[in-house]
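J.: I'd like to ask you about the structure that follows.
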Amino acid sequence: MSILKVGIIGQGRSGRNIHGNLLVKLADKYKIVAVADGLEDRRVRAEQEYGCKAYATYEEMVANEQLDLVVNASPSDLHFPISLDLLNKGFNVLCEKPLAKSPAEVDQLIAASEKSGKVLAVFQQSRYMPAFLKIREIIESGVLGRVVQVDFTNNGFARRWDWQTLQANNGGNLLNTGPHPVDQALQLFGTDLMPQVTCIMDRANTFGDAEDYVKIILRGQGRPTIDLEISSCSVYSRPQFTVQGTNGGLTGNTNKLQWKYFKPEEAPAQELTRTPLFNANGEPAYCSEKLTWYEGDWQFEAAEGFSMFDQNTKSLYNMLHNSLTTGAPLEITPQQVRQQMAVMEECRRQNPHIYA
């Protein structure tokens with residue numbers, strides 16, 4: 001099996017803590033041969049941890065190394081220009097989220113990828129979240145009936161004052177956290193149709209000029225309604241996932257899910273009644289029936305040496321290795337991420353009090 005030579009741009013919370021720490025566990029598929037970071041102590045640490053070369057700039061790194069893949073874990077506002085430059089230079093790129101800020105920027109990246117013949121992959125590893133995969137399995141089994149609404153909730157209480165609170169840095173909850181639940185939501189909504197978007201944003205506990213409260217409603221004819229919330233002012237959070245269906249529902253989080261449903265063929269036969277209803281005693285009554293309910297549950301079980309987050313990341317890197325070595329299509333495409341960017345652009349357009 002081909003071992004791909006990797007260069008990582010950035011050795012911060014993403015480049016080192018997520019990508020670097022995972023890639024060393026996939027030594028049969030990847031080898032970190034170089035990193036680029038502007039801070040000397042990070043370069044020294046990378047040389048010690050990975051046994052690789054370290055450069056002060058990504059330009060130096062790609063000019064001096066033969067790389068099969070460049071991981072772009074630079075600050076968010078640099079994802080687009082650096083990825084574009086790398087594609088134009090003829091490198092395969094895995095870009096951290098957010099890939100860009102607008103559909104127009106994604107279009108430029110797609111065009112550059114097609115022109116160079118190089119792969120543009122996006123680090124949307126939550127597509128492989130075990131809980132989300134289980135949710136898709138339950139929905140696709142049909143036991144919940146037609147899905148009416150899906151809630152995605154990424155809430156907590158936090159005051160924040162770092163660079164990711166600034167619009168100039170592509171900060172804010174929508175671009176920081178949003179790529180994951182919005183990507184998942186669009187998978188359940190359907191990527192063949194642009195949803196109708198309603199969005200409310202607020203600045204609650206942030207010290208920056210970007211939002212830290214986001215409420216998004218996605219709607220479409222014949223599609224489930226999506227209620228997506230990312231809030232930094234929620235002391236009492238709701239379940240991360242809630243699914244409402246015509247035959248039952250599901251609720252839970254990344255570690256545990258439970259669902260409940262009835263089988264229509266076992267339900268009492270009913271028909272519309274326009275006259276008043278009465279109970280057995282002849283008294284006025286509401287509709288009432290007894291349904292046989294079936295229940296299921298699921299709990300995350302970590303693979304040895306891999307956390308849930310690690311497993312998501314491992315699945316994405318396995319998919320990418322297969323694509324780069326066999327030519328198999330990417331399972332997460334830039335075109336899908338473009339739709340995500342279109343939703344987010346509409347969200348900003350609807351909130352001129354924040355994005356003037």
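Residue numbering restarts at 1 for every chain of the structure tokens, chains are lettered A, B, ... in their displayed order, and ligands are numbered from 1 as they appear.
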For A:Tyr236, find every residue with an atom within 9 Å (counting only C-alpha atoms), except residues of its own chain fewer than 4 positions away, and show them as a list of chain:residue names.
T.: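 So, after excluding close chain neighbours, the residues are A:Asn155, A:Gly156, A:Phe157.
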J.: Near stretch 55-60 of chain A, counting only C-alpha atoms, which residues have an atom at most 10 Å away, once you skip same-chain residues fewer than 5 positions from it, shown as number ranges by chain?
T.: A: 7-10, 34-40, 42-44, 65, 70, 72, 74, 82, 85-86
J.: Give me, as a PyMOL selection string, all polymer residues having an atom no more than 6 Å from stretch 15-30 of chain A, counting only C-alpha atoms and skipping those fewer than 5 positions away in the same chain.
T.: chain A and resi 3-4+10+73
J.: Output N, CA, C and O atoms of each residue in that selection to a file, as a short mmCIF file (atom, residue, chain, number, x, y, z; two decimals), in the first residue's frame.
T.:
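Saved the output as result.cif:
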```
data_model
loop_
_atom_site.label_atom_id
_atom_site.label_comp_id
_atom_site.auth_asym_id
_atom_site.auth_seq_id
_atom_site.Cartn_x
_atom_site.Cartn_y
_atom_site.Cartn_z
N ILE A 3 2.46 4.67 0.80
CA ILE A 3 2.54 5.60 1.94
C ILE A 3 2.72 6.99 1.36
O ILE A 3 3.70 7.27 0.67
N LEU A 4 1.77 7.87 1.64
CA LEU A 4 1.77 9.21 1.07
C LEU A 4 2.59 10.17 1.93
O LEU A 4 2.49 10.17 3.16
N GLY A 10 0.84 24.72 9.54
CA GLY A 10 0.31 25.06 10.85
C GLY A 10 0.54 23.95 11.86
O GLY A 10 0.35 22.77 11.55
N ALA A 73 -3.83 23.67 7.45
CA ALA A 73 -4.38 23.95 8.77
C ALA A 73 -3.94 25.33 9.23
O ALA A 73 -3.64 25.56 10.41
#
```
J.: Between A:Ile139, A:Leu324, A:Asp297, A:Cys52, single out the one closest to A:Phe91, counting only C-alpha atoms.
T.: A:Leu324
J.: Return the single residue from A:Glu140, A:Asp209, A:Asp183, A:Asp41 that is closest to A:Val122, with distances computed using only C-alpha atoms.
T.: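 Comparing A:Glu140, A:Asp209, A:Asp183, A:Asp41 against A:Val122, the winner is A:Asp183.
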J.: With only C-alpha atoms as the counted atoms, please give the residues lying no more than 7 Å from stretch 304-313 of chain A, apart from itself and same-chain residues fewer than 5 positions off, as an MDAnalysis selection string.
T.: chainID A and resid 22 125:126 128:129
J.: Restrict the selected residues to N, CA and C atoms and save them as a PDB file, in the first residue's frame.
T.:
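Output contents, as saved in part_5.pdb:
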```
ATOM      1  N   LEU A  22      -3.025  12.445  14.669  1.00  0.00           N
ATOM      2  CA  LEU A  22      -3.730  11.317  14.066  1.00  0.00           C
ATOM      3  C   LEU A  22      -2.894  10.651  12.990  1.00  0.00           C
ATOM      4  N   GLN A 125     -14.811  16.121   8.824  1.00  0.00           N
ATOM      5  CA  GLN A 125     -14.742  14.784   9.393  1.00  0.00           C
ATOM      6  C   GLN A 125     -15.990  14.387  10.165  1.00  0.00           C
ATOM      7  N   SER A 126     -16.843  15.349  10.532  1.00  0.00           N
ATOM      8  CA  SER A 126     -18.057  14.995  11.266  1.00  0.00           C
ATOM      9  C   SER A 126     -19.047  14.225  10.401  1.00  0.00           C
ATOM     10  N   TYR A 128     -18.373  11.548   9.285  1.00  0.00           N
ATOM     11  CA  TYR A 128     -18.114  10.174   9.697  1.00  0.00           C
ATOM     12  C   TYR A 128     -18.350   9.952  11.192  1.00  0.00           C
ATOM     13  N   MET A 129     -18.954  10.926  11.861  1.00  0.00           N
ATOM     14  CA  MET A 129     -19.260  10.776  13.284  1.00  0.00           C
ATOM     15  C   MET A 129     -20.124   9.533  13.490  1.00  0.00           C
TER      16      MET A 129
END
```
J.: Within 6 Å of stretch 170-172 of chain A, counting only C-alpha atoms, which residues qualify if same-chain residues fewer than 6 places away don't, as a PyMOL selection string?
T.: chain A and resi 76-77+164+210-212
J.: Could you please take those selected residues and save C-alpha atoms as a short mmCIF file (atom, residue, chain, number, x, y, z; two decimals), in the first residue's frame?
T.:
```cif
data_model
loop_
_atom_site.label_atom_id
_atom_site.label_comp_id
_atom_site.auth_asym_id
_atom_site.auth_seq_id
_atom_site.Cartn_x
_atom_site.Cartn_y
_atom_site.Cartn_z
CA SER A 76 -9.34 30.34 8.88
CA ASP A 77 -8.99 33.49 6.77
CA GLN A 164 -11.80 33.38 16.11
CA ALA A 210 -18.70 38.15 14.85
CA GLU A 211 -21.78 36.29 16.05
CA ASP A 212 -21.84 33.74 18.85
#
```
J.: Quote the spacing between atom CA of A:Ser232 and atom CA of A:Tyr213 in Å to one decimal place.
T.: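 Computing the Euclidean distance for atom CA of A:Ser232 and atom CA of A:Tyr213 yields 6.1 Å.
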J.: Quote the spacing between atom CA of A:Lys115 and atom CA of A:Pro334 in Å to one decimal place.
T.: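 The value is 14.5 Å.
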J.: Skipping near chain neighbours, those fewer than 2 positions away, what residues fall within 12 Å of stretch 116-120 of chain A using only C-alpha atoms, listed as a PyMOL selection string?
T.: chain A and resi 68-72+79-80+83-96+99+106-114+122-123+320-321+323-325+327-335+337
J.: Using DSSP on the backbone, list every residue of stretch 236-337 of chain A that comes out as alpha helix (DSSP H), and give them as a PyMOL selection string.
T.: chain A and resi 308-326+334-337
J.: To one decimal in Å, tell me the separation between atom CA of A:Lys290 and atom CA of A:Pro276.
T.: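 Between these atoms lies a distance of 19.8 Å.
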J.: Would you list the contacts of A:Val143 as a PyMOL selection string, taking every protein, DNA or RNA residue within 8 Å and counting only C-alpha atoms, but skipping same-chain residues closer than 4 positions in sequence?
T.: chain A and resi 138-139+247-248+261-263
J.: Those residues you just picked out, can you put them in a file as a short mmCIF file (atom, residue, chain, number, x, y, z; two decimals), in the first residue's frame with C-alpha atoms?
T.:
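result30.cif, written as the output of this step:
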```cif
data_model
loop_
_atom_site.label_atom_id
_atom_site.label_comp_id
_atom_site.auth_asym_id
_atom_site.auth_seq_id
_atom_site.Cartn_x
_atom_site.Cartn_y
_atom_site.Cartn_z
CA ILE A 138 -32.16 4.62 11.46
CA ILE A 139 -33.76 7.21 9.17
CA ASN A 247 -44.02 6.88 13.03
CA GLY A 248 -41.68 7.84 15.86
CA TYR A 261 -41.48 3.98 16.87
CA PHE A 262 -44.71 2.13 16.11
CA LYS A 263 -45.52 -0.05 13.13
#
```
J.: So which one's closest to A:Arg349, A:Tyr50, A:Met201, A:Ser14, A:Gln184? Using only C-alpha atoms, please.
T.: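 Of A:Tyr50, A:Met201, A:Ser14, A:Gln184, the one nearest A:Arg349 is A:Met201, counting only C-alpha atoms.
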J.: Considering only C-alpha atoms, state which residue in the set A:Asp151, A:Glu137, A:Asp192, A:Glu105 is at the smallest distance from A:Asn253.
T.: A:Asp151
J.: Using DSSP on the backbone, list every residue of stretch 144-281 of chain A that comes out as strand (DSSP E), and give them as a PDB file with C-alpha atoms, in the first residue's frame.
T.:
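This is the output file states.pdb:
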```pdb
ATOM      1  CA  VAL A 147     -38.985  12.619   8.729  1.00  0.00           C
ATOM      2  CA  VAL A 148     -40.791  15.868   9.550  1.00  0.00           C
ATOM      3  CA  GLN A 149     -38.086  17.772  11.457  1.00  0.00           C
ATOM      4  CA  VAL A 150     -34.466  17.331  12.501  1.00  0.00           C
ATOM      5  CA  ASP A 151     -32.872  19.461  15.232  1.00  0.00           C
ATOM      6  CA  PHE A 152     -29.119  20.015  15.402  1.00  0.00           C
ATOM      7  CA  THR A 153     -28.036  21.738  18.610  1.00  0.00           C
ATOM      8  CA  ASN A 154     -24.446  22.763  19.366  1.00  0.00           C
ATOM      9  CA  ASN A 155     -24.914  24.814  22.501  1.00  0.00           C
ATOM     10  CA  GLN A 196     -35.038  28.093   1.874  1.00  0.00           C
ATOM     11  CA  VAL A 197     -32.974  29.709   4.636  1.00  0.00           C
ATOM     12  CA  THR A 198     -34.155  31.696   7.646  1.00  0.00           C
ATOM     13  CA  CYS A 199     -31.413  32.845  10.010  1.00  0.00           C
ATOM     14  CA  ILE A 200     -31.190  34.905  13.194  1.00  0.00           C
ATOM     15  CA  MET A 201     -27.808  35.929  14.602  1.00  0.00           C
ATOM     16  CA  ASP A 202     -26.763  37.711  17.769  1.00  0.00           C
ATOM     17  CA  TYR A 213     -25.560  32.883  18.558  1.00  0.00           C
ATOM     18  CA  VAL A 214     -26.958  31.388  15.359  1.00  0.00           C
ATOM     19  CA  LYS A 215     -30.422  29.994  14.659  1.00  0.00           C
ATOM     20  CA  ILE A 216     -31.011  28.535  11.184  1.00  0.00           C
ATOM     21  CA  ILE A 217     -34.198  27.069   9.747  1.00  0.00           C
ATOM     22  CA  LEU A 218     -33.881  25.172   6.456  1.00  0.00           C
ATOM     23  CA  ARG A 219     -37.027  24.291   4.515  1.00  0.00           C
ATOM     24  CA  THR A 225     -37.522  21.007   8.274  1.00  0.00           C
ATOM     25  CA  ILE A 226     -34.065  21.526   9.775  1.00  0.00           C
ATOM     26  CA  ASP A 227     -33.744  23.478  13.038  1.00  0.00           C
ATOM     27  CA  LEU A 228     -30.062  24.220  13.617  1.00  0.00           C
ATOM     28  CA  GLU A 229     -28.798  26.171  16.613  1.00  0.00           C
ATOM     29  CA  ILE A 230     -25.272  27.148  17.660  1.00  0.00           C
ATOM     30  CA  SER A 231     -25.289  29.204  20.838  1.00  0.00           C
ATOM     31  CA  PHE A 241     -29.838  15.517  17.853  1.00  0.00           C
ATOM     32  CA  THR A 242     -33.630  15.219  17.726  1.00  0.00           C
ATOM     33  CA  VAL A 243     -35.576  13.622  14.883  1.00  0.00           C
ATOM     34  CA  GLN A 244     -39.365  13.847  14.551  1.00  0.00           C
ATOM     35  CA  GLY A 245     -41.042  11.354  12.232  1.00  0.00           C
ATOM     36  CA  GLY A 248     -41.684   7.839  15.860  1.00  0.00           C
ATOM     37  CA  GLY A 249     -38.600   9.794  16.823  1.00  0.00           C
ATOM     38  CA  LEU A 250     -34.973   9.788  17.916  1.00  0.00           C
ATOM     39  CA  THR A 251     -32.945  11.817  20.386  1.00  0.00           C
ATOM     40  CA  GLY A 252     -29.431  11.884  21.799  1.00  0.00           C
ATOM     41  CA  LYS A 256     -25.751   7.881  23.130  1.00  0.00           C
ATOM     42  CA  LEU A 257     -28.913   7.695  21.018  1.00  0.00           C
ATOM     43  CA  GLN A 258     -32.369   6.309  21.652  1.00  0.00           C
ATOM     44  CA  TRP A 259     -35.352   5.971  19.355  1.00  0.00           C
ATOM     45  CA  LYS A 260     -38.960   4.880  19.562  1.00  0.00           C
ATOM     46  CA  TYR A 261     -41.483   3.977  16.866  1.00  0.00           C
ATOM     47  CA  PHE A 262     -44.708   2.133  16.108  1.00  0.00           C
TER      48      PHE A 262
END
```
J.: Here is a test: counting only C-alpha atoms, which residue of A:Arg13, A:Arg127, A:Arg136, A:Lys5 is nearest to A:Gln66?
T.: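 Checking each candidate against A:Gln66, we get A:Lys5 as the closest.
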